[in-house]
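The file run.pdb comes next; it holds PDB, C-alpha atoms, pLDDT in the B column.
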ATOM      1  CA  MET K 140    -141.196 -95.006 -67.158  1.00 64.00           C
ATOM      2  CA  SER K 141    -139.378 -92.794 -69.665  1.00 60.00           C
ATOM      3  CA  ASP K 142    -137.134 -93.243 -72.681  1.00 62.00           C
ATOM      4  CA  GLN K 143    -133.757 -91.591 -73.230  1.00 59.00           C
ATOM      5  CA  HIS K 144    -131.277 -91.884 -76.064  1.00 55.00           C
ATOM      6  CA  SER K 145    -127.490 -92.030 -75.731  1.00 56.00           C
ATOM      7  CA  ASP K 146    -125.781 -91.934 -79.124  1.00 67.00           C
ATOM      8  CA  SER K 147    -127.517 -94.705 -81.063  1.00 81.00           C
ATOM      9  CA  ARG K 148    -128.806 -96.664 -78.056  1.00 87.00           C
ATOM     10  CA  ALA K 149    -132.136 -96.043 -76.361  1.00 93.00           C
ATOM     11  CA  PHE K 150    -132.363 -96.272 -72.572  1.00 93.00           C
ATOM     12  CA  VAL K 151    -135.461 -96.666 -70.404  1.00 95.00           C
ATOM     13  CA  HIS K 152    -135.895 -95.280 -66.886  1.00 95.00           C
ATOM     14  CA  ALA K 153    -138.363 -97.190 -64.724  1.00 95.00           C
ATOM     15  CA  THR K 154    -139.353 -97.952 -61.155  1.00 96.00           C
ATOM     16  CA  PRO K 155    -138.575-101.496 -59.927  1.00 96.00           C
ATOM     17  CA  GLU K 156    -142.261-102.319 -60.288  1.00 94.00           C
ATOM     18  CA  ASP K 157    -142.159-101.408 -63.980  1.00 96.00           C
ATOM     19  CA  ALA K 158    -139.028-103.406 -64.822  1.00 96.00           C
ATOM     20  CA  PRO K 159    -139.587-105.877 -67.702  1.00 95.00           C
ATOM     21  CA  GLY K 160    -141.091-109.094 -66.374  1.00 94.00           C
ATOM     22  CA  GLY K 161    -141.163-107.681 -62.842  1.00 95.00           C
ATOM     23  CA  ILE K 162    -138.155-107.034 -60.613  1.00 95.00           C
ATOM     24  CA  TYR K 163    -137.521-110.744 -59.887  1.00 94.00           C
ATOM     25  CA  HIS K 164    -137.028-111.621 -63.557  1.00 95.00           C
ATOM     26  CA  PHE K 165    -135.132-108.376 -64.169  1.00 96.00           C
ATOM     27  CA  PHE K 166    -132.744-109.122 -61.287  1.00 96.00           C
ATOM     28  CA  THR K 167    -132.092-112.704 -62.361  1.00 96.00           C
ATOM     29  CA  GLY K 168    -131.571-111.631 -65.955  1.00 96.00           C
ATOM     30  CA  VAL K 169    -129.146-108.817 -65.137  1.00 97.00           C
ATOM     31  CA  VAL K 170    -127.328-109.972 -61.995  1.00 96.00           C
ATOM     32  CA  ALA K 171    -125.692-112.871 -63.780  1.00 95.00           C
ATOM     33  CA  PRO K 172    -123.986-115.232 -63.895  1.00 95.00           C
ATOM     34  CA  ARG K 173    -124.512-116.002 -60.219  1.00 96.00           C
ATOM     35  CA  PRO K 174    -122.564-118.596 -58.219  1.00 96.00           C
ATOM     36  CA  ILE K 175    -124.650-121.508 -56.986  1.00 97.00           C
ATOM     37  CA  ALA K 176    -124.740-122.798 -53.426  1.00 98.00           C
ATOM     38  CA  TRP K 177    -125.801-126.449 -53.498  1.00 98.00           C
ATOM     39  CA  VAL K 178    -126.978-126.667 -49.900  1.00 98.00           C
ATOM     40  CA  SER K 179    -127.333-129.959 -48.062  1.00 98.00           C
ATOM     41  CA  THR K 180    -129.289-130.129 -44.817  1.00 98.00           C
ATOM     42  CA  VAL K 181    -130.948-132.699 -42.559  1.00 98.00           C
ATOM     43  CA  GLY K 182    -134.603-132.486 -41.557  1.00 96.00           C
ATOM     44  CA  ALA K 183    -135.968-132.961 -38.051  1.00 95.00           C
ATOM     45  CA  ASP K 184    -136.981-136.487 -39.086  1.00 95.00           C
ATOM     46  CA  GLY K 185    -133.469-137.283 -40.338  1.00 97.00           C
ATOM     47  CA  VAL K 186    -134.345-137.060 -44.049  1.00 97.00           C
ATOM     48  CA  LEU K 187    -131.545-135.649 -46.201  1.00 98.00           C
ATOM     49  CA  ASN K 188    -132.249-132.578 -48.285  1.00 97.00           C
ATOM     50  CA  ILE K 189    -130.222-130.838 -50.952  1.00 98.00           C
ATOM     51  CA  ALA K 190    -131.180-127.901 -53.155  1.00 97.00           C
ATOM     52  CA  PRO K 191    -129.418-125.261 -55.294  1.00 97.00           C
ATOM     53  CA  HIS K 192    -129.617-121.574 -54.373  1.00 97.00           C
ATOM     54  CA  SER K 193    -128.234-118.923 -56.723  1.00 96.00           C
ATOM     55  CA  TYR K 194    -128.587-115.974 -54.351  1.00 96.00           C
ATOM     56  CA  PHE K 195    -125.147-116.791 -52.927  1.00 97.00           C
ATOM     57  CA  GLN K 196    -122.128-114.698 -52.003  1.00 97.00           C
ATOM     58  CA  ILE K 197    -118.994-114.237 -49.875  1.00 98.00           C
ATOM     59  CA  LEU K 198    -119.854-111.919 -46.980  1.00 98.00           C
ATOM     60  CA  ALA K 199    -116.474-111.840 -45.202  1.00 98.00           C
ATOM     61  CA  HIS K 200    -113.194-113.730 -45.155  1.00 97.00           C
ATOM     62  CA  ASN K 201    -112.322-113.111 -41.480  1.00 98.00           C
ATOM     63  CA  PRO K 202    -114.261-114.787 -40.048  1.00 98.00           C
ATOM     64  CA  PRO K 203    -114.951-116.860 -43.182  1.00 98.00           C
ATOM     65  CA  THR K 204    -118.623-116.111 -43.790  1.00 98.00           C
ATOM     66  CA  LEU K 205    -120.953-117.024 -46.644  1.00 98.00           C
ATOM     67  CA  GLY K 206    -124.472-115.825 -47.348  1.00 98.00           C
ATOM     68  CA  VAL K 207    -127.272-117.753 -49.021  1.00 98.00           C
ATOM     69  CA  VAL K 208    -130.772-116.401 -49.629  1.00 98.00           C
ATOM     70  CA  SER K 209    -133.882-118.548 -49.507  1.00 97.00           C
ATOM     71  CA  VAL K 210    -136.730-117.077 -51.529  1.00 95.00           C
ATOM     72  CA  GLY K 211    -139.608-117.909 -49.221  1.00 93.00           C
ATOM     73  CA  GLU K 212    -139.888-120.682 -46.638  1.00 92.00           C
ATOM     74  CA  LYS K 213    -138.403-123.889 -48.017  1.00 94.00           C
ATOM     75  CA  ASP K 214    -137.003-127.143 -46.637  1.00 96.00           C
ATOM     76  CA  THR K 215    -133.472-125.711 -46.634  1.00 97.00           C
ATOM     77  CA  ILE K 216    -134.215-122.877 -44.241  1.00 96.00           C
ATOM     78  CA  ARG K 217    -136.532-124.945 -42.051  1.00 96.00           C
ATOM     79  CA  ASN K 218    -133.848-127.591 -41.616  1.00 98.00           C
ATOM     80  CA  ILE K 219    -131.134-125.011 -40.894  1.00 98.00           C
ATOM     81  CA  ARG K 220    -133.318-123.385 -38.258  1.00 97.00           C
ATOM     82  CA  HIS K 221    -133.737-126.779 -36.600  1.00 97.00           C
ATOM     83  CA  THR K 222    -130.108-127.967 -36.671  1.00 98.00           C
ATOM     84  CA  GLY K 223    -128.094-124.735 -36.893  1.00 98.00           C
ATOM     85  CA  GLU K 224    -125.807-126.303 -39.483  1.00 98.00           C
ATOM     86  CA  TYR K 225    -125.557-127.135 -43.184  1.00 98.00           C
ATOM     87  CA  VAL K 226    -123.086-127.798 -45.981  1.00 98.00           C
ATOM     88  CA  ILE K 227    -122.581-125.661 -49.078  1.00 98.00           C
ATOM     89  CA  ASN K 228    -121.375-127.800 -51.978  1.00 98.00           C
ATOM     90  CA  VAL K 229    -120.030-126.476 -55.270  1.00 97.00           C
ATOM     91  CA  ALA K 230    -121.408-128.165 -58.369  1.00 93.00           C
ATOM     92  CA  SER K 231    -118.967-128.541 -61.262  1.00 94.00           C
ATOM     93  CA  ALA K 232    -120.133-128.777 -64.860  1.00 94.00           C
ATOM     94  CA  GLU K 233    -120.391-132.573 -64.818  1.00 95.00           C
ATOM     95  CA  LEU K 234    -122.947-132.393 -61.976  1.00 97.00           C
ATOM     96  CA  VAL K 235    -125.348-129.984 -63.670  1.00 96.00           C
ATOM     97  CA  GLU K 236    -128.039-132.604 -64.364  1.00 97.00           C
ATOM     98  CA  ALA K 237    -128.002-133.895 -60.786  1.00 97.00           C
ATOM     99  CA  MET K 238    -128.039-130.362 -59.423  1.00 97.00           C
ATOM    100  CA  ASN K 239    -130.955-129.358 -61.625  1.00 97.00           C
ATOM    101  CA  LEU K 240    -132.931-132.416 -60.540  1.00 98.00           C
ATOM    102  CA  THR K 241    -132.581-131.363 -56.893  1.00 98.00           C
ATOM    103  CA  ALA K 242    -134.210-128.021 -57.742  1.00 96.00           C
ATOM    104  CA  ALA K 243    -137.579-129.809 -58.065  1.00 96.00           C
ATOM    105  CA  ASN K 244    -140.191-129.057 -55.402  1.00 95.00           C
ATOM    106  CA  PHE K 245    -139.886-132.379 -53.568  1.00 96.00           C
ATOM    107  CA  PRO K 246    -142.011-132.825 -50.437  1.00 95.00           C
ATOM    108  CA  PRO K 247    -140.037-132.764 -47.147  1.00 94.00           C
ATOM    109  CA  GLN K 248    -140.167-136.543 -46.695  1.00 95.00           C
ATOM    110  CA  GLU K 249    -138.279-137.183 -49.942  1.00 97.00           C
ATOM    111  CA  ASP K 250    -134.487-137.651 -49.937  1.00 97.00           C
ATOM    112  CA  GLU K 251    -133.042-135.614 -52.828  1.00 97.00           C
ATOM    113  CA  PHE K 252    -129.675-137.347 -52.443  1.00 98.00           C
ATOM    114  CA  ALA K 253    -131.394-140.612 -53.359  1.00 98.00           C
ATOM    115  CA  TRP K 254    -133.377-139.091 -56.223  1.00 98.00           C
ATOM    116  CA  ALA K 255    -130.261-137.577 -57.793  1.00 98.00           C
ATOM    117  CA  GLY K 256    -128.032-140.600 -57.134  1.00 98.00           C
ATOM    118  CA  LEU K 257    -125.701-138.556 -54.937  1.00 98.00           C
ATOM    119  CA  THR K 258    -123.474-140.049 -52.248  1.00 98.00           C
ATOM    120  CA  PRO K 259    -123.700-138.564 -48.723  1.00 98.00           C
ATOM    121  CA  GLU K 260    -120.164-137.914 -47.469  1.00 98.00           C
ATOM    122  CA  PRO K 261    -119.785-137.688 -43.656  1.00 98.00           C
ATOM    123  CA  SER K 262    -118.631-134.227 -42.598  1.00 98.00           C
ATOM    124  CA  THR K 263    -115.891-133.435 -40.084  1.00 98.00           C
ATOM    125  CA  THR K 264    -117.459-130.720 -37.893  1.00 98.00           C
ATOM    126  CA  VAL K 265    -121.207-130.986 -38.570  1.00 98.00           C
ATOM    127  CA  ALA K 266    -123.699-133.845 -38.701  1.00 98.00           C
ATOM    128  CA  THR K 267    -124.954-132.794 -42.130  1.00 98.00           C
ATOM    129  CA  PRO K 268    -123.313-134.773 -44.957  1.00 98.00           C
ATOM    130  CA  ALA K 269    -121.582-133.234 -47.942  1.00 98.00           C
ATOM    131  CA  VAL K 270    -122.006-134.385 -51.532  1.00 98.00           C
ATOM    132  CA  ALA K 271    -119.189-136.870 -52.134  1.00 98.00           C
ATOM    133  CA  GLU K 272    -119.191-136.087 -55.863  1.00 98.00           C
ATOM    134  CA  ALA K 273    -118.746-132.324 -55.295  1.00 98.00           C
ATOM    135  CA  ALA K 274    -115.204-131.005 -55.716  1.00 97.00           C
ATOM    136  CA  VAL K 275    -115.608-128.494 -52.869  1.00 98.00           C
ATOM    137  CA  SER K 276    -117.785-128.491 -49.750  1.00 98.00           C
ATOM    138  CA  PHE K 277    -118.012-125.929 -46.945  1.00 98.00           C
ATOM    139  CA  GLU K 278    -119.206-127.135 -43.540  1.00 98.00           C
ATOM    140  CA  MET K 279    -121.283-124.308 -42.085  1.00 98.00           C
ATOM    141  CA  ARG K 280    -122.517-123.203 -38.662  1.00 98.00           C
ATOM    142  CA  LEU K 281    -125.478-120.852 -38.680  1.00 98.00           C
ATOM    143  CA  THR K 282    -124.736-117.305 -37.503  1.00 98.00           C
ATOM    144  CA  GLU K 283    -128.004-115.557 -38.254  1.00 98.00           C
ATOM    145  CA  ILE K 284    -131.127-115.719 -40.391  1.00 98.00           C
ATOM    146  CA  LYS K 285    -132.187-112.234 -41.464  1.00 98.00           C
ATOM    147  CA  PRO K 286    -135.644-111.746 -43.020  1.00 97.00           C
ATOM    148  CA  ILE K 287    -135.667-109.322 -45.951  1.00 97.00           C
ATOM    149  CA  GLY K 288    -139.170-108.931 -47.347  1.00 96.00           C
ATOM    150  CA  ASP K 289    -140.274-112.374 -48.560  1.00 95.00           C
ATOM    151  CA  CYS K 290    -136.678-113.658 -48.557  1.00 97.00           C
ATOM    152  CA  PHE K 291    -134.345-114.908 -45.826  1.00 98.00           C
ATOM    153  CA  LEU K 292    -130.606-114.236 -45.740  1.00 98.00           C
ATOM    154  CA  ILE K 293    -128.860-117.219 -44.172  1.00 98.00           C
ATOM    155  CA  ILE K 294    -125.520-116.094 -42.756  1.00 98.00           C
ATOM    156  CA  GLY K 295    -123.104-118.811 -41.710  1.00 98.00           C
ATOM    157  CA  GLU K 296    -119.482-119.295 -40.730  1.00 98.00           C
ATOM    158  CA  VAL K 297    -117.304-121.835 -42.499  1.00 98.00           C
ATOM    159  CA  ARG K 298    -115.978-124.332 -39.956  1.00 98.00           C
ATOM    160  CA  HIS K 299    -114.269-126.788 -42.291  1.00 98.00           C
ATOM    161  CA  VAL K 300    -113.485-127.097 -46.010  1.00 98.00           C
ATOM    162  CA  ARG K 301    -113.284-130.306 -48.036  1.00 98.00           C
ATOM    163  CA  TYR K 302    -111.797-130.038 -51.533  1.00 98.00           C
ATOM    164  CA  ALA K 303    -110.308-132.266 -54.193  1.00 98.00           C
ATOM    165  CA  ALA K 304    -106.511-132.079 -54.012  1.00 98.00           C
ATOM    166  CA  ASP K 305    -106.151-131.909 -57.792  1.00 97.00           C
ATOM    167  CA  LEU K 306    -107.971-128.554 -57.893  1.00 98.00           C
ATOM    168  CA  VAL K 307    -104.884-126.786 -56.541  1.00 98.00           C
ATOM    169  CA  VAL K 308    -102.304-125.483 -59.022  1.00 98.00           C
ATOM    170  CA  ASP K 309     -99.425-123.297 -57.797  1.00 97.00           C
ATOM    171  CA  GLY K 310    -101.117-122.899 -54.431  1.00 97.00           C
ATOM    172  CA  ARG K 311    -104.454-121.638 -55.785  1.00 97.00           C
ATOM    173  CA  ILE K 312    -107.736-123.183 -56.921  1.00 97.00           C
ATOM    174  CA  SER K 313    -107.639-123.674 -60.700  1.00 96.00           C
ATOM    175  CA  PRO K 314    -110.898-122.587 -62.399  1.00 95.00           C
ATOM    176  CA  ASP K 315    -110.090-124.974 -65.256  1.00 95.00           C
ATOM    177  CA  ARG K 316    -110.182-127.877 -62.824  1.00 96.00           C
ATOM    178  CA  LEU K 317    -113.081-126.711 -60.662  1.00 96.00           C
ATOM    179  CA  ARG K 318    -115.321-125.712 -63.608  1.00 95.00           C
ATOM    180  CA  PRO K 319    -118.043-124.142 -61.433  1.00 95.00           C
ATOM    181  CA  LEU K 320    -121.465-123.415 -62.865  1.00 95.00           C
ATOM    182  CA  GLY K 321    -123.219-120.056 -62.945  1.00 95.00           C
ATOM    183  CA  ARG K 322    -126.936-119.325 -62.977  1.00 95.00           C
ATOM    184  CA  MET K 323    -128.499-117.052 -65.554  1.00 96.00           C
ATOM    185  CA  ALA K 324    -132.187-116.204 -65.977  1.00 94.00           C
ATOM    186  CA  GLY K 325    -134.912-118.793 -66.284  1.00 93.00           C
ATOM    187  CA  SER K 326    -133.605-122.255 -67.175  1.00 94.00           C
ATOM    188  CA  THR K 327    -130.210-121.040 -68.415  1.00 95.00           C
ATOM    189  CA  TYR K 328    -126.880-121.912 -66.790  1.00 95.00           C
ATOM    190  CA  ALA K 329    -123.376-120.744 -67.665  1.00 94.00           C
ATOM    191  CA  ARG K 330    -120.109-122.638 -67.840  1.00 92.00           C
ATOM    192  CA  THR K 331    -116.995-120.765 -66.743  1.00 90.00           C
ATOM    193  CA  SER K 332    -114.721-122.015 -69.521  1.00 88.00           C
ATOM    194  CA  ASP K 333    -114.681-118.701 -71.441  1.00 89.00           C
ATOM    195  CA  ARG K 334    -112.642-116.280 -69.317  1.00 89.00           C
ATOM    196  CA  LEU K 335    -110.109-113.459 -69.562  1.00 90.00           C
ATOM    197  CA  ASP K 336    -107.346-112.312 -67.216  1.00 90.00           C
ATOM    198  CA  LEU K 337    -106.732-108.635 -66.492  1.00 92.00           C
ATOM    199  CA  LYS K 338    -104.099-107.296 -64.108  1.00 93.00           C
ATOM    200  CA  ARG K 339    -105.619-104.797 -61.677  1.00 95.00           C
ATOM    201  CA  PRO K 340    -103.827-101.439 -62.021  1.00 95.00           C
ATOM    202  CA  SER K 341    -102.826 -99.093 -59.215  1.00 96.00           C
ATOM    203  CA  TYR K 342    -103.089 -95.337 -59.473  1.00 95.00           C
ATOM    204  CA  ARG K 343     -99.300 -95.112 -59.307  1.00 95.00           C
ATOM    205  CA  SER K 344     -98.834 -97.622 -62.134  1.00 96.00           C
ATOM    206  CA  LEU K 345    -101.278 -95.679 -64.305  1.00 94.00           C
ATOM    207  CA  LEU K 346     -99.272 -92.501 -63.795  1.00 94.00           C
ATOM    208  CA  GLU K 347     -95.978 -94.295 -64.407  1.00 94.00           C
ATOM    209  CA  ASP K 348     -97.337 -95.758 -67.644  1.00 94.00           C
ATOM    210  CA  GLY K 349     -98.428 -92.346 -68.850  1.00 95.00           C
ATOM    211  CA  VAL K 350    -102.151 -93.170 -68.805  1.00 94.00           C
ATOM    212  CA  VAL K 351    -104.381 -90.088 -68.827  1.00 93.00           C
ATOM    213  CA  ALA K 352    -108.102 -89.655 -68.267  1.00 92.00           C
ATOM    214  CA  LYS K 353    -110.124 -90.327 -71.392  1.00 91.00           C
ATOM    215  CA  ARG K 354    -112.262 -87.247 -70.788  1.00 88.00           C
ATOM    216  CA  SER K 355    -112.252 -84.147 -68.602  1.00 84.00           C
ATOM    217  CA  SER K 356    -113.966 -84.397 -65.242  1.00 78.00           C
ATOM    218  CA  ASP K 357    -115.147 -80.770 -65.550  1.00 71.00           C
ATOM    219  CA  THR K 358    -118.889 -80.397 -65.741  1.00 58.00           C
TER
END
Could you write out this file's structure as structure tokens?
Amino acid sequence: MSDQHSDSRAFVHATPEDAPGGIYHFFTGVVAPRPIAWVSTVGADGVLNIAPHSYFQILAHNPPTLGVVSVGEKDTIRNIRHTGEYVINVASAELVEAMNLTAANFPPQEDEFAWAGLTPEPSTTVATPAVAEAAVSFEMRLTEIKPIGDCFLIIGEVRHVRYAADLVVDGRISPDRLRPLGRMAGSTYARTSDRLDLKRPSYRSLLEDGVVAKRSSDT
């Protein structure tokens, strides 16, 4: 680990092992806010399970593919291995308390839907129910589970989408109406109500607008 200074700000260079709090806490503190996959599954005994996972991302749009990471072996991944299907629900701000409750380490025989007072909504293409209260739900078919160290990347294809009609404004999902949550470090969550819009420039538009590089690229 070494210190460097840039203008008035000090910077530290470190190996992942030396990152403050360890690499897990460093990752979750820096890679933020993260979207949250609220994953519902069904166990081999028929018990409903739902849990939030904040290692979640779009992997491809054709075919429509989403990735969720399970940190270690948990009910979610065991159930998906057994059934080959699951539902990714999106929790809006008003569901934060229910979502947080389902993050508890319930034993496999406990129904988190019941604990959180959530309503199982029958799905169209999979046997796993969605969360009726969620504004958006993706019905998923498992493509692959890829072990990465002590984590497991669950790759799945979206087979059907259920969404509240009032989310759509001018043909697109309105963030003001969806109000998705983001995960920060530790026990902190983020609302998405504070945003800014920036038009993405093209190289041609930069030249046409007379924009020049802010410094020389010569070394």
Evaluated on this file, the PyMOL selection byres ((chain K and resi 236) around 12) picks out some residues - which ones are they, written as a short mmCIF file (atom, residue, chain, number, x, y, z; two decimals) with C-alpha atoms, keeping the file's coordinate frame?
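out_3.cif, written as the output of this step:
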data_model
loop_
_atom_site.label_atom_id
_atom_site.label_comp_id
_atom_site.auth_asym_id
_atom_site.auth_seq_id
_atom_site.Cartn_x
_atom_site.Cartn_y
_atom_site.Cartn_z
CA PRO K 191 -129.42 -125.26 -55.29
CA ALA K 230 -121.41 -128.16 -58.37
CA SER K 231 -118.97 -128.54 -61.26
CA ALA K 232 -120.13 -128.78 -64.86
CA GLU K 233 -120.39 -132.57 -64.82
CA LEU K 234 -122.95 -132.39 -61.98
CA VAL K 235 -125.35 -129.98 -63.67
CA ALA K 237 -128.00 -133.90 -60.79
CA MET K 238 -128.04 -130.36 -59.42
CA ASN K 239 -130.96 -129.36 -61.62
CA LEU K 240 -132.93 -132.42 -60.54
CA THR K 241 -132.58 -131.36 -56.89
CA ALA K 242 -134.21 -128.02 -57.74
CA ALA K 243 -137.58 -129.81 -58.06
CA TRP K 254 -133.38 -139.09 -56.22
CA ALA K 255 -130.26 -137.58 -57.79
CA GLY K 256 -128.03 -140.60 -57.13
CA LEU K 257 -125.70 -138.56 -54.94
CA LEU K 320 -121.46 -123.42 -62.86
CA TYR K 328 -126.88 -121.91 -66.79
#
What is the atom CA of K:His164 to atom CA of K:Ala324 distance in Å?
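These atoms are spaced 7.1 Å apart.
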Any chance you could resolve the PyMOL selection byres ((chain K and resi 206) around 8) against this file and give the residues as a ChimeraX atom specification?
/K:195-198,204-205,207-208,292-295
Residues near K:Ser313, anyone? I mean within 12 Å using all atoms listed in the file, not counting same-chain ones fewer than 5 positions away, as a ChimeraX atom specification.
/K:274,302-308,318-319,331-332
Length of the atom CA of K:Val186 to atom CA of K:Glu249 vector [Å]:
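Computed distance, atom CA of K:Val186 to atom CA of K:Glu249, equals 7.1 Å.
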At a cut-off of 8 Å, using only C-alpha atoms, what residues contact K:Ile189? Leave out same-chain residues fewer than 2 positions from it and give the result as a PyMOL selection string.
chain K and resi 177-180+187+191+215+241+251-252
Ranking K:Phe291, K:Tyr225, K:Phe166, K:Tyr342 by minimum distance to K:Ala190 and counting all atoms listed in the file, which one comes first?
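With all atoms listed in the file as the atom set, the closest residue is K:Tyr225.
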Expand the PyMOL selection byres ((chain K and resi 321) around 7) into the explicit residue set it covers here, and present it as a list in words.
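Checking the PyMOL selection byres ((chain K and resi 321) around 7) against this file, the residues are Pro172, Arg173, Pro174, Ile175, Pro319, Leu320, Arg322, Met323, Tyr328, Ala329 and Arg330 of chain K.
Reported to one decimal place, the separation of atom CA of K:Val181 from atom CA of K:Thr264 is 14.4 Å.
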So which residues touch K:Leu281 within 7 Å, counting all atoms listed in the file, skipping near sequence neighbours fewer than 2 positions away, as a ChimeraX atom specification?
/K:223-224,279,283,294-296
